[in-house]
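The structure file work.cif is reproduced below (mmCIF, C-alpha atoms).
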data_my_file
loop_
_atom_site.group_PDB
_atom_site.id
_atom_site.type_symbol
_atom_site.label_atom_id
_atom_site.label_comp_id
_atom_site.auth_asym_id
_atom_site.auth_seq_id
_atom_site.Cartn_x
_atom_site.Cartn_y
_atom_site.Cartn_z
ATOM 1 C CA MET A 1 48.129 176.974 81.875
ATOM 2 C CA GLY A 2 47.414 175.802 85.340
ATOM 3 C CA LYS A 3 49.530 173.759 87.631
ATOM 4 C CA ARG A 4 48.765 170.044 87.504
ATOM 5 C CA ASP A 5 48.577 168.070 90.715
ATOM 6 C CA ILE A 6 50.931 165.108 90.917
ATOM 7 C CA GLN A 7 49.040 161.956 91.563
ATOM 8 C CA GLU A 8 50.022 160.066 94.685
ATOM 9 C CA VAL A 9 50.963 156.402 94.429
ATOM 10 C CA ASN A 10 48.686 154.262 96.499
ATOM 11 C CA ALA A 11 51.068 152.610 98.971
ATOM 12 C CA GLY A 12 48.378 150.802 100.897
ATOM 13 C CA SER A 13 49.163 147.437 99.333
ATOM 14 C CA MET A 14 52.993 147.817 99.665
ATOM 15 C CA ALA A 15 52.893 146.433 103.196
ATOM 16 C CA ASP A 16 50.945 143.406 101.956
ATOM 17 C CA ILE A 17 53.458 142.796 99.166
ATOM 18 C CA ALA A 18 56.423 143.136 101.550
ATOM 19 C CA PHE A 19 54.783 140.716 103.974
ATOM 20 C CA LEU A 20 54.135 138.164 101.203
ATOM 21 C CA LEU A 21 57.766 138.434 100.013
ATOM 22 C CA LEU A 22 58.998 137.940 103.557
ATOM 23 C CA ILE A 23 56.858 134.812 103.985
ATOM 24 C CA PHE A 24 58.005 133.511 100.579
ATOM 25 C CA PHE A 25 61.702 133.840 101.469
ATOM 26 C CA LEU A 26 61.222 132.315 104.918
ATOM 27 C CA VAL A 27 59.462 129.294 103.440
ATOM 28 C CA THR A 28 61.848 128.696 100.533
ATOM 29 C CA THR A 29 65.180 129.309 102.285
ATOM 30 C CA THR A 30 66.979 126.322 103.757
ATOM 31 C CA MET A 31 68.807 126.652 107.037
ATOM 32 C CA ASP A 32 72.160 124.998 107.576
ATOM 33 C CA THR A 33 72.043 122.510 110.388
ATOM 34 C CA ASP A 34 75.131 121.469 112.271
ATOM 35 C CA SER A 35 75.791 117.790 112.154
ATOM 36 C CA GLY A 36 78.027 116.243 114.763
ATOM 37 C CA LEU A 37 80.094 113.102 114.738
ATOM 38 C CA SER A 38 78.034 109.966 114.514
ATOM 39 C CA ARG A 39 79.038 107.841 117.454
ATOM 40 C CA MET A 40 77.002 105.245 119.235
ATOM 41 C CA LEU A 41 77.245 105.734 122.974
ATOM 42 C CA PRO A 42 77.459 102.668 125.179
ATOM 43 C CA PRO A 43 74.381 101.745 127.195
ATOM 44 C CA PRO A 44 74.269 103.022 130.783
ATOM 45 C CA VAL A 45 76.136 100.848 133.220
ATOM 46 C CA PRO A 46 73.864 99.308 135.842
ATOM 47 C CA LYS A 47 74.694 100.406 139.378
ATOM 48 C CA THR A 48 76.265 97.417 141.103
ATOM 49 C CA GLU A 49 78.840 96.943 143.777
ATOM 50 C CA GLU A 50 80.902 94.663 141.575
ATOM 51 C CA THR A 51 83.938 96.039 139.799
ATOM 52 C CA PRO A 52 84.097 95.223 136.093
ATOM 53 C CA PRO A 53 86.565 92.531 135.095
ATOM 54 C CA PRO A 54 89.929 93.947 134.045
ATOM 55 C CA ILE A 55 90.663 94.167 130.340
ATOM 56 C CA LYS A 56 93.858 92.406 129.364
ATOM 57 C CA GLU A 57 96.547 94.835 128.239
ATOM 58 C CA ARG A 58 96.999 92.989 124.954
ATOM 59 C CA ASN A 59 93.337 93.718 124.092
ATOM 60 C CA VAL A 60 93.784 97.512 124.331
ATOM 61 C CA PHE A 61 95.317 99.642 121.576
ATOM 62 C CA GLU A 62 96.254 102.864 123.344
ATOM 63 C CA VAL A 63 96.292 106.089 121.289
ATOM 64 C CA LEU A 64 97.291 109.307 123.076
ATOM 65 C CA ILE A 65 97.437 112.819 121.582
ATOM 66 C CA ASN A 66 99.416 115.438 123.512
ATOM 67 C CA ALA A 67 99.058 119.239 123.567
ATOM 68 C CA GLN A 68 101.642 119.544 120.759
ATOM 69 C CA ASN A 69 99.421 117.314 118.548
ATOM 70 C CA ARG A 70 101.860 114.410 118.636
ATOM 71 C CA LEU A 71 100.719 110.799 118.726
ATOM 72 C CA LEU A 72 101.842 108.174 121.183
ATOM 73 C CA VAL A 73 100.560 104.771 120.087
ATOM 74 C CA GLU A 74 101.222 101.798 122.335
ATOM 75 C CA LYS A 75 103.813 103.912 124.193
ATOM 76 C CA GLU A 76 105.726 104.635 120.947
ATOM 77 C CA PRO A 77 105.733 107.896 118.917
ATOM 78 C CA MET A 78 103.899 107.485 115.639
ATOM 79 C CA ASP A 79 103.102 109.655 112.640
ATOM 80 C CA LEU A 80 99.423 110.124 111.747
ATOM 81 C CA SER A 81 100.052 108.548 108.329
ATOM 82 C CA GLN A 82 100.980 105.231 110.013
ATOM 83 C CA LEU A 83 98.030 105.092 112.410
ATOM 84 C CA ARG A 84 95.503 103.477 110.056
ATOM 85 C CA GLU A 85 97.745 100.511 109.188
ATOM 86 C CA ALA A 86 98.740 100.020 112.830
ATOM 87 C CA ALA A 87 95.069 100.032 113.870
ATOM 88 C CA LYS A 88 94.158 97.552 111.112
ATOM 89 C CA GLU A 89 96.948 95.235 112.240
ATOM 90 C CA PHE A 90 95.678 95.453 115.827
ATOM 91 C CA ILE A 91 92.000 94.910 114.921
ATOM 92 C CA GLU A 92 92.602 92.006 112.552
ATOM 93 C CA ASN A 93 95.585 90.257 114.216
ATOM 94 C CA PRO A 94 95.991 88.060 111.121
ATOM 95 C CA MET A 95 98.887 85.974 112.496
ATOM 96 C CA ASP A 96 97.327 85.449 115.958
ATOM 97 C CA ASP A 97 100.241 87.300 117.533
ATOM 98 C CA PRO A 98 100.176 86.755 121.341
ATOM 99 C CA SER A 99 100.932 90.468 121.883
ATOM 100 C CA LEU A 100 97.833 91.487 119.880
ATOM 101 C CA PRO A 101 94.181 90.997 120.930
ATOM 102 C CA GLU A 102 92.651 87.675 121.784
ATOM 103 C CA LYS A 103 89.897 86.302 119.598
ATOM 104 C CA GLU A 104 86.665 84.573 120.466
ATOM 105 C CA GLU A 105 84.734 82.404 118.055
ATOM 106 C CA ILE A 106 81.175 83.457 117.346
ATOM 107 C CA GLU A 107 78.607 82.356 114.799
ATOM 108 C CA VAL A 108 77.835 84.989 112.174
ATOM 109 C CA GLU A 109 75.179 84.726 109.475
ATOM 110 C CA TYR A 110 76.693 84.131 105.969
ATOM 111 C CA PHE A 111 80.090 83.312 107.512
ATOM 112 C CA GLY A 112 79.513 80.486 110.006
ATOM 113 C CA ILE A 113 81.797 80.338 113.030
ATOM 114 C CA VAL A 114 84.508 83.000 112.806
ATOM 115 C CA PRO A 115 87.153 84.334 115.209
ATOM 116 C CA VAL A 116 86.372 87.901 116.297
ATOM 117 C CA SER A 117 88.875 90.174 118.004
ATOM 118 C CA LYS A 118 88.274 91.268 121.595
ATOM 119 C CA GLY A 119 90.371 94.364 120.916
ATOM 120 C CA VAL A 120 89.372 97.871 122.000
ATOM 121 C CA ILE A 121 90.971 101.084 120.752
ATOM 122 C CA SER A 122 91.440 103.571 123.592
ATOM 123 C CA LEU A 123 91.705 107.188 122.424
ATOM 124 C CA GLN A 124 92.696 109.943 124.825
ATOM 125 C CA ASN A 125 93.760 113.494 124.146
ATOM 126 C CA ASP A 126 95.139 116.442 126.066
ATOM 127 C CA ARG A 127 92.931 119.483 126.662
ATOM 128 C CA GLY A 128 95.416 121.488 124.552
ATOM 129 C CA THR A 129 95.057 119.203 121.513
ATOM 130 C CA GLN A 130 93.836 121.015 118.431
ATOM 131 C CA TYR A 131 90.370 119.962 117.352
ATOM 132 C CA GLN A 132 91.564 119.281 113.784
ATOM 133 C CA MET A 133 94.175 116.805 115.022
ATOM 134 C CA TYR A 134 91.613 115.061 117.228
ATOM 135 C CA LEU A 135 89.253 114.687 114.254
ATOM 136 C CA SER A 136 92.082 113.476 112.008
ATOM 137 C CA VAL A 137 92.963 110.735 114.499
ATOM 138 C CA GLN A 138 89.298 109.721 114.822
ATOM 139 C CA ASN A 139 88.987 109.626 111.036
ATOM 140 C CA GLU A 140 92.048 107.385 110.713
ATOM 141 C CA LEU A 141 90.714 104.961 113.321
ATOM 142 C CA ALA A 142 87.262 104.841 111.702
ATOM 143 C CA ALA A 143 88.928 104.414 108.283
ATOM 144 C CA ALA A 144 90.800 101.361 109.588
ATOM 145 C CA TYR A 145 87.481 99.683 110.448
ATOM 146 C CA ASN A 146 85.927 100.801 107.150
ATOM 147 C CA GLU A 147 88.814 99.399 105.104
ATOM 148 C CA LEU A 148 88.691 96.044 106.891
ATOM 149 C CA ARG A 149 84.915 95.882 106.354
ATOM 150 C CA ASN A 150 85.322 96.798 102.668
ATOM 151 C CA GLU A 151 88.034 94.176 102.146
ATOM 152 C CA LEU A 152 85.885 91.462 103.742
ATOM 153 C CA ALA A 153 82.814 92.524 101.726
ATOM 154 C CA GLN A 154 84.851 92.335 98.498
ATOM 155 C CA ARG A 155 86.247 88.889 99.369
ATOM 156 C CA LYS A 156 82.920 87.383 100.467
ATOM 157 C CA PHE A 157 80.293 89.161 98.345
ATOM 158 C CA GLY A 158 82.254 90.864 95.541
ATOM 159 C CA LYS A 159 80.822 94.286 96.470
ATOM 160 C CA LYS A 160 81.814 97.276 98.560
ATOM 161 C CA PHE A 161 80.500 97.342 102.120
ATOM 162 C CA ASP A 162 78.218 100.339 101.365
ATOM 163 C CA GLU A 163 76.566 98.460 98.471
ATOM 164 C CA LEU A 164 75.515 95.456 100.584
ATOM 165 C CA ASP A 165 72.069 94.686 101.977
ATOM 166 C CA ASP A 166 71.505 95.629 105.610
ATOM 167 C CA ASP A 167 71.676 92.027 106.882
ATOM 168 C CA LYS A 168 75.035 91.449 105.156
ATOM 169 C CA LYS A 169 76.351 94.748 106.526
ATOM 170 C CA GLU A 170 75.290 93.673 110.002
ATOM 171 C CA ALA A 171 77.121 90.351 109.598
ATOM 172 C CA ILE A 172 80.341 92.172 108.659
ATOM 173 C CA ARG A 173 79.863 94.593 111.579
ATOM 174 C CA ASP A 174 79.636 91.540 113.861
ATOM 175 C CA ILE A 175 83.048 90.393 112.601
ATOM 176 C CA TYR A 176 84.592 93.881 112.803
ATOM 177 C CA PRO A 177 82.665 95.720 115.540
ATOM 178 C CA GLN A 178 83.856 99.314 115.921
ATOM 179 C CA ARG A 179 85.167 99.500 119.478
ATOM 180 C CA ILE A 180 86.682 102.928 120.086
ATOM 181 C CA SER A 181 86.743 104.084 123.693
ATOM 182 C CA GLU A 182 87.228 107.816 124.153
ATOM 183 C CA ALA A 183 88.536 108.823 127.553
ATOM 184 C CA GLU A 184 88.024 112.220 129.189
ATOM 185 C CA PRO A 185 90.705 114.722 128.031
ATOM 186 C CA LYS A 186 93.467 115.466 130.540
ATOM 187 C CA ASN A 187 95.977 118.271 131.083
ATOM 188 C CA ILE A 188 99.064 116.240 130.294
ATOM 189 C CA GLY A 189 100.942 118.550 127.939
ATOM 190 C CA GLY A 190 100.926 121.642 130.108
ATOM 191 C CA LYS A 191 98.926 123.965 127.815
#
Final structure tokens representation of the file:
Amino acid sequence: MGKRDIQEVNAGSMADIAFLLLIFFLVTTTMDTDSGLSRMLPPPVPKTEETPPPIKERNVFEVLINAQNRLLVEKEPMDLSQLREAAKEFIENPMDDPSLPEKEEIEVEYFGIVPVSKGVISLQNDRGTQYQMYLSVQNELAAAYNELRNELAQRKFGKKFDELDDDKKEAIRDIYPQRISEAEPKNIGGK
């Protein structure tokens, strides 16, 4: 008996198959994209020599976060769990308290003439503040606006704010405009 030659496998098409598999996986794989915080930036301020009119102190709700992640709200220590209710009270000013923001009457579609708060929430943090605490505070402030909008949508239209048509949502946003001013972080806490 003679020795049989082992047949070679034709590997010429292996490169083609590997290339096709590579293309297939590149096309079908989804890439994670980072999504940031959705915030609408104010329009650029026109360059003028005039100084802007001062904002009355009663119209500003001051929220400070120090390097130890502690809150100072309106110059008083506050726990994060109390921030949402305090912000809602400030934004809504239901009893027209003279220490809370002034209101101006504007005409809003579906509502007629309504008083709208001139209040602005000023958020400032220390450079040593943990990012998680900063986000938690932002979430609480945004939740205060969302809850007020939801409550108004339920009272007026019997639906949640997210379920409304765009024009009705816009009307509610006119009554509760989200005014959160974020100042440049400072080195207050010494970290």
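This file, filtered with the PyMOL selection byres ((chain A and resi 111-124) around 6), gives the residues Asn59, Val60, Phe61, Glu62, Val63, Leu64, Pro101, Glu102, Lys103, Glu104, Glu105, Ile106, Glu107, Val108, Glu109, Tyr110, Asn125, Ile175, Arg179, Ile180, Ser181, Glu182 and Ala183 of chain A.
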With only C-alpha atoms as the basis for distance, which of A:Asp16, A:Glu140, A:Glu147, A:Asp166 is at the shortest distance from Ser81 of chain A?
A:Glu140
Residues near segment 149-165 of chain A, cut-off 10 Å, all atoms listed in the file, skip fewer than 5 positions along chain, as an MDAnalysis selection string:
chainID A and resid 110:111 143:144 170:173 175:177
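Of note, atom CA of Pro98 of chain A and atom CA of Glu57 of chain A are spaced 11.2 Å apart.
What separates atom CA of Leu141 of chain A from atom CA of Arg84 of chain A is a distance of 6.0 Å.
Near Tyr131 of chain A, within 12 Å and counting all atoms listed in the file, sit Ile65, Asn66, Ala67, Gln68, Asn69, Asn125, Asp126, Ser136, Val137, Gln138 and Pro185 of chain A, not including residues fewer than 5 positions from it in the same chain.
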Have segment 98-109 of chain A completed to all heavy atoms, please, and pass it along as a PDB file, keeping the file's coordinate frame.
ATOM      1  N   PRO A  98     100.564  86.741 119.923  1.00  0.00           N
ATOM      2  CA  PRO A  98     100.176  86.755 121.341  1.00  0.00           C
ATOM      3  C   PRO A  98     100.252  88.140 121.990  1.00  0.00           C
ATOM      4  O   PRO A  98      99.715  88.333 123.073  1.00  0.00           O
ATOM      5  CB  PRO A  98     101.156  85.784 122.004  1.00  0.00           C
ATOM      6  CG  PRO A  98     102.270  85.601 121.042  1.00  0.00           C
ATOM      7  CD  PRO A  98     101.750  85.920 119.683  1.00  0.00           C
ATOM      8  N   SER A  99     100.898  89.115 121.318  1.00  0.00           N
ATOM      9  CA  SER A  99     100.932  90.468 121.883  1.00  0.00           C
ATOM     10  C   SER A  99      99.761  91.311 121.378  1.00  0.00           C
ATOM     11  O   SER A  99      99.553  92.414 121.854  1.00  0.00           O
ATOM     12  CB  SER A  99     102.256  91.160 121.540  1.00  0.00           C
ATOM     13  OG  SER A  99     102.345  91.359 120.149  1.00  0.00           O
ATOM     14  N   LEU A 100      99.009  90.795 120.412  1.00  0.00           N
ATOM     15  CA  LEU A 100      97.833  91.487 119.880  1.00  0.00           C
ATOM     16  C   LEU A 100      96.569  90.867 120.480  1.00  0.00           C
ATOM     17  O   LEU A 100      96.641  89.860 121.176  1.00  0.00           O
ATOM     18  CB  LEU A 100      97.837  91.420 118.349  1.00  0.00           C
ATOM     19  CG  LEU A 100      98.970  92.206 117.669  1.00  0.00           C
ATOM     20  CD1 LEU A 100      98.936  92.004 116.164  1.00  0.00           C
ATOM     21  CD2 LEU A 100      98.920  93.678 118.008  1.00  0.00           C
ATOM     22  N   PRO A 101      95.394  91.433 120.224  1.00  0.00           N
ATOM     23  CA  PRO A 101      94.181  90.997 120.930  1.00  0.00           C
ATOM     24  C   PRO A 101      93.822  89.526 120.758  1.00  0.00           C
ATOM     25  O   PRO A 101      94.079  88.918 119.727  1.00  0.00           O
ATOM     26  CB  PRO A 101      93.072  91.865 120.340  1.00  0.00           C
ATOM     27  CG  PRO A 101      93.693  92.859 119.489  1.00  0.00           C
ATOM     28  CD  PRO A 101      95.109  92.497 119.282  1.00  0.00           C
ATOM     29  N   GLU A 102      93.196  89.031 121.813  1.00  0.00           N
ATOM     30  CA  GLU A 102      92.651  87.675 121.784  1.00  0.00           C
ATOM     31  C   GLU A 102      91.451  87.659 120.844  1.00  0.00           C
ATOM     32  O   GLU A 102      90.873  88.694 120.545  1.00  0.00           O
ATOM     33  CB  GLU A 102      92.153  87.271 123.173  1.00  0.00           C
ATOM     34  CG  GLU A 102      93.222  87.243 124.229  1.00  0.00           C
ATOM     35  CD  GLU A 102      92.618  87.036 125.599  1.00  0.00           C
ATOM     36  OE1 GLU A 102      91.855  87.916 126.049  1.00  0.00           O
ATOM     37  OE2 GLU A 102      92.900  85.986 126.192  1.00  0.00           O
ATOM     38  N   LYS A 103      91.075  86.463 120.447  1.00  0.00           N
ATOM     39  CA  LYS A 103      89.897  86.302 119.598  1.00  0.00           C
ATOM     40  C   LYS A 103      88.951  85.311 120.256  1.00  0.00           C
ATOM     41  O   LYS A 103      89.374  84.407 120.967  1.00  0.00           O
ATOM     42  CB  LYS A 103      90.299  85.800 118.215  1.00  0.00           C
ATOM     43  CG  LYS A 103      91.130  86.784 117.430  1.00  0.00           C
ATOM     44  CD  LYS A 103      91.462  86.246 116.055  1.00  0.00           C
ATOM     45  CE  LYS A 103      92.278  87.247 115.259  1.00  0.00           C
ATOM     46  NZ  LYS A 103      92.613  86.732 113.936  1.00  0.00           N
ATOM     47  N   GLU A 104      87.660  85.536 120.019  1.00  0.00           N
ATOM     48  CA  GLU A 104      86.665  84.573 120.466  1.00  0.00           C
ATOM     49  C   GLU A 104      85.857  84.155 119.246  1.00  0.00           C
ATOM     50  O   GLU A 104      85.586  84.963 118.357  1.00  0.00           O
ATOM     51  CB  GLU A 104      85.765  85.154 121.549  1.00  0.00           C
ATOM     52  CG  GLU A 104      84.896  86.310 121.111  1.00  0.00           C
ATOM     53  CD  GLU A 104      84.001  86.824 122.230  1.00  0.00           C
ATOM     54  OE1 GLU A 104      83.582  86.019 123.080  1.00  0.00           O
ATOM     55  OE2 GLU A 104      83.724  88.032 122.235  1.00  0.00           O
ATOM     56  N   GLU A 105      85.486  82.895 119.199  1.00  0.00           N
ATOM     57  CA  GLU A 105      84.734  82.404 118.055  1.00  0.00           C
ATOM     58  C   GLU A 105      83.252  82.612 118.284  1.00  0.00           C
ATOM     59  O   GLU A 105      82.720  82.244 119.331  1.00  0.00           O
ATOM     60  CB  GLU A 105      85.050  80.928 117.815  1.00  0.00           C
ATOM     61  CG  GLU A 105      86.479  80.723 117.353  1.00  0.00           C
ATOM     62  CD  GLU A 105      86.732  79.315 116.838  1.00  0.00           C
ATOM     63  OE1 GLU A 105      85.910  78.416 117.098  1.00  0.00           O
ATOM     64  OE2 GLU A 105      87.769  79.139 116.175  1.00  0.00           O
ATOM     65  N   ILE A 106      82.617  83.249 117.288  1.00  0.00           N
ATOM     66  CA  ILE A 106      81.175  83.457 117.346  1.00  0.00           C
ATOM     67  C   ILE A 106      80.574  83.029 116.007  1.00  0.00           C
ATOM     68  O   ILE A 106      81.266  82.975 114.986  1.00  0.00           O
ATOM     69  CB  ILE A 106      80.801  84.934 117.646  1.00  0.00           C
ATOM     70  CG1 ILE A 106      81.279  85.871 116.542  1.00  0.00           C
ATOM     71  CG2 ILE A 106      81.327  85.383 118.982  1.00  0.00           C
ATOM     72  CD1 ILE A 106      80.721  87.276 116.646  1.00  0.00           C
ATOM     73  N   GLU A 107      79.289  82.735 116.034  1.00  0.00           N
ATOM     74  CA  GLU A 107      78.607  82.356 114.799  1.00  0.00           C
ATOM     75  C   GLU A 107      77.990  83.603 114.174  1.00  0.00           C
ATOM     76  O   GLU A 107      77.275  84.354 114.836  1.00  0.00           O
ATOM     77  CB  GLU A 107      77.529  81.310 115.070  1.00  0.00           C
ATOM     78  CG  GLU A 107      76.953  80.754 113.789  1.00  0.00           C
ATOM     79  CD  GLU A 107      76.109  79.510 114.001  1.00  0.00           C
ATOM     80  OE1 GLU A 107      76.115  78.951 115.123  1.00  0.00           O
ATOM     81  OE2 GLU A 107      75.436  79.117 113.043  1.00  0.00           O
ATOM     82  N   VAL A 108      78.307  83.816 112.897  1.00  0.00           N
ATOM     83  CA  VAL A 108      77.835  84.989 112.174  1.00  0.00           C
ATOM     84  C   VAL A 108      77.125  84.510 110.905  1.00  0.00           C
ATOM     85  O   VAL A 108      77.653  83.666 110.182  1.00  0.00           O
ATOM     86  CB  VAL A 108      79.009  85.924 111.806  1.00  0.00           C
ATOM     87  CG1 VAL A 108      78.524  87.129 111.025  1.00  0.00           C
ATOM     88  CG2 VAL A 108      79.755  86.369 113.054  1.00  0.00           C
ATOM     89  N   GLU A 109      75.940  85.065 110.673  1.00  0.00           N
ATOM     90  CA  GLU A 109      75.179  84.726 109.475  1.00  0.00           C
ATOM     91  C   GLU A 109      76.033  84.976 108.238  1.00  0.00           C
ATOM     92  O   GLU A 109      76.776  85.956 108.174  1.00  0.00           O
ATOM     93  CB  GLU A 109      73.914  85.577 109.433  1.00  0.00           C
ATOM     94  CG  GLU A 109      72.926  85.145 108.374  1.00  0.00           C
ATOM     95  CD  GLU A 109      71.644  85.965 108.384  1.00  0.00           C
ATOM     96  OE1 GLU A 109      71.578  86.963 109.133  1.00  0.00           O
ATOM     97  OE2 GLU A 109      70.731  85.613 107.640  1.00  0.00           O
TER      98      GLU A 109
END
